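A quick write-up on the structure given underneath.
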Amino acid sequence: MAVSYREKIQIKLTPEDLEAIKEKMEKAGVRNRSAYIRKMAIDGYIILLDLSDIKEVVRLLRINSNNINQIAKKANQTGNIYLDDIKSIQAQQEEIWEAVREVMERLAAIK
């Protein structure tokens, strides 16, 4: 039977260092201090992504999808598609693409 062996490492921290670690853990959404320190010691960094831009793109996609579905339903019922509806969808589509471009630019800037 193999025996699992773990090495224990102790470090001394100033209250300021400990507070800085706690703040970084909180920002990264990490609660386990041991796991956080182990990850930082091995990899040297944790990437924290702000996904609010992605959430906004998803919100815009939902709105656009709902509008397209409403237009399709109206077209099926009446046999007509209105130019204003098409222009509205095109404007929404452009807004979505602009949001996606901004997200892609920010992601490309991550080093």
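Each chain of the structure tokens is named A, B, ... in the order shown, its residues numbered from 1; ligands are numbered from 1 in display order.
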Next on the checklist: as a count of residues only, please: every residue in chain A that a backbone DSSP assignment puts in alpha helix (DSSP H).
Outcome noted: 78
For Val100 (chain A), work out the shell of residues within 12 Å, counting only C-alpha atoms and skipping chain neighbours fewer than 3 positions away, then give it as a PyMOL selection string.
chain A and resi 53-58+60-61+93-97+103-107
Would you export the selected residues with N, CA and C atoms as a PDB file, in the first residue's frame, please?
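The result, written out as result.pdb:
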ATOM      1  N   ASP A  53     -18.628  42.203 -19.535  1.00  0.00           N
ATOM      2  CA  ASP A  53     -18.797  42.464 -20.972  1.00  0.00           C
ATOM      3  C   ASP A  53     -19.461  41.282 -21.674  1.00  0.00           C
ATOM      4  N   ILE A  54     -19.066  40.090 -21.301  1.00  0.00           N
ATOM      5  CA  ILE A  54     -19.652  38.883 -21.899  1.00  0.00           C
ATOM      6  C   ILE A  54     -21.133  38.799 -21.520  1.00  0.00           C
ATOM      7  N   LYS A  55     -21.434  39.116 -20.266  1.00  0.00           N
ATOM      8  CA  LYS A  55     -22.831  39.092 -19.824  1.00  0.00           C
ATOM      9  C   LYS A  55     -23.664  40.095 -20.615  1.00  0.00           C
ATOM     10  N   GLU A  56     -23.075  41.245 -20.923  1.00  0.00           N
ATOM     11  CA  GLU A  56     -23.791  42.254 -21.713  1.00  0.00           C
ATOM     12  C   GLU A  56     -24.041  41.746 -23.130  1.00  0.00           C
ATOM     13  N   VAL A  57     -23.057  41.085 -23.730  1.00  0.00           N
ATOM     14  CA  VAL A  57     -23.232  40.528 -25.074  1.00  0.00           C
ATOM     15  C   VAL A  57     -24.348  39.478 -25.054  1.00  0.00           C
ATOM     16  N   VAL A  58     -24.363  38.630 -24.041  1.00  0.00           N
ATOM     17  CA  VAL A  58     -25.410  37.610 -23.926  1.00  0.00           C
ATOM     18  C   VAL A  58     -26.781  38.271 -23.781  1.00  0.00           C
ATOM     19  N   LEU A  60     -27.672  41.222 -24.916  1.00  0.00           N
ATOM     20  CA  LEU A  60     -28.039  41.766 -26.231  1.00  0.00           C
ATOM     21  C   LEU A  60     -28.478  40.656 -27.179  1.00  0.00           C
ATOM     22  N   LEU A  61     -27.813  39.520 -27.137  1.00  0.00           N
ATOM     23  CA  LEU A  61     -28.198  38.389 -27.985  1.00  0.00           C
ATOM     24  C   LEU A  61     -29.608  37.899 -27.650  1.00  0.00           C
ATOM     25  N   GLN A  93     -28.004  44.008 -34.305  1.00  0.00           N
ATOM     26  CA  GLN A  93     -26.910  43.120 -34.692  1.00  0.00           C
ATOM     27  C   GLN A  93     -25.584  43.888 -34.689  1.00  0.00           C
ATOM     28  N   GLU A  94     -25.592  45.103 -35.181  1.00  0.00           N
ATOM     29  CA  GLU A  94     -24.383  45.929 -35.188  1.00  0.00           C
ATOM     30  C   GLU A  94     -23.923  46.240 -33.759  1.00  0.00           C
ATOM     31  N   GLU A  95     -24.880  46.501 -32.872  1.00  0.00           N
ATOM     32  CA  GLU A  95     -24.551  46.767 -31.465  1.00  0.00           C
ATOM     33  C   GLU A  95     -23.892  45.543 -30.823  1.00  0.00           C
ATOM     34  N   ILE A  96     -24.406  44.366 -31.140  1.00  0.00           N
ATOM     35  CA  ILE A  96     -23.834  43.121 -30.623  1.00  0.00           C
ATOM     36  C   ILE A  96     -22.408  42.947 -31.138  1.00  0.00           C
ATOM     37  N   TRP A  97     -22.207  43.148 -32.443  1.00  0.00           N
ATOM     38  CA  TRP A  97     -20.870  42.989 -33.016  1.00  0.00           C
ATOM     39  C   TRP A  97     -19.882  43.981 -32.409  1.00  0.00           C
ATOM     40  N   VAL A 103     -14.850  43.213 -26.498  1.00  0.00           N
ATOM     41  CA  VAL A 103     -14.427  42.098 -25.645  1.00  0.00           C
ATOM     42  C   VAL A 103     -13.179  41.444 -26.231  1.00  0.00           C
ATOM     43  N   MET A 104     -13.188  41.222 -27.537  1.00  0.00           N
ATOM     44  CA  MET A 104     -12.038  40.572 -28.181  1.00  0.00           C
ATOM     45  C   MET A 104     -10.770  41.421 -28.054  1.00  0.00           C
ATOM     46  N   GLU A 105     -10.889  42.733 -28.173  1.00  0.00           N
ATOM     47  CA  GLU A 105      -9.745  43.609 -28.019  1.00  0.00           C
ATOM     48  C   GLU A 105      -9.181  43.530 -26.607  1.00  0.00           C
ATOM     49  N   ARG A 106     -10.064  43.513 -25.607  1.00  0.00           N
ATOM     50  CA  ARG A 106      -9.605  43.419 -24.221  1.00  0.00           C
ATOM     51  C   ARG A 106      -8.938  42.076 -23.955  1.00  0.00           C
ATOM     52  N   LEU A 107      -9.515  41.011 -24.487  1.00  0.00           N
ATOM     53  CA  LEU A 107      -8.912  39.688 -24.298  1.00  0.00           C
ATOM     54  C   LEU A 107      -7.552  39.600 -24.981  1.00  0.00           C
TER      55      LEU A 107
END
Figure out the distance between CA of Asp85 (chain A) and CA of Ile71 (chain A), please, to one decimal in Å.
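Separation between CA of Ile71 (chain A) and CA of Asp85 (chain A): 7.1 Å.
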- prompt: With only C-alpha atoms as the atoms that count, which of A:Glu7, A:Met40, A:Asp50, A:Asn69 lies nearest to Lys27 (chain A)?
  reply: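 The closest residue to Lys27 (chain A) is A:Asp50.
Note that the spacing between CA of Asn67 (chain A) and CA of Ser52 (chain A) amounts to 22.8 Å.
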If you count only C-alpha atoms, the residue of A:Ala72, A:Ile81, A:Ile86, A:Leu48 closest to Val30 (chain A) turns out to be A:Leu48
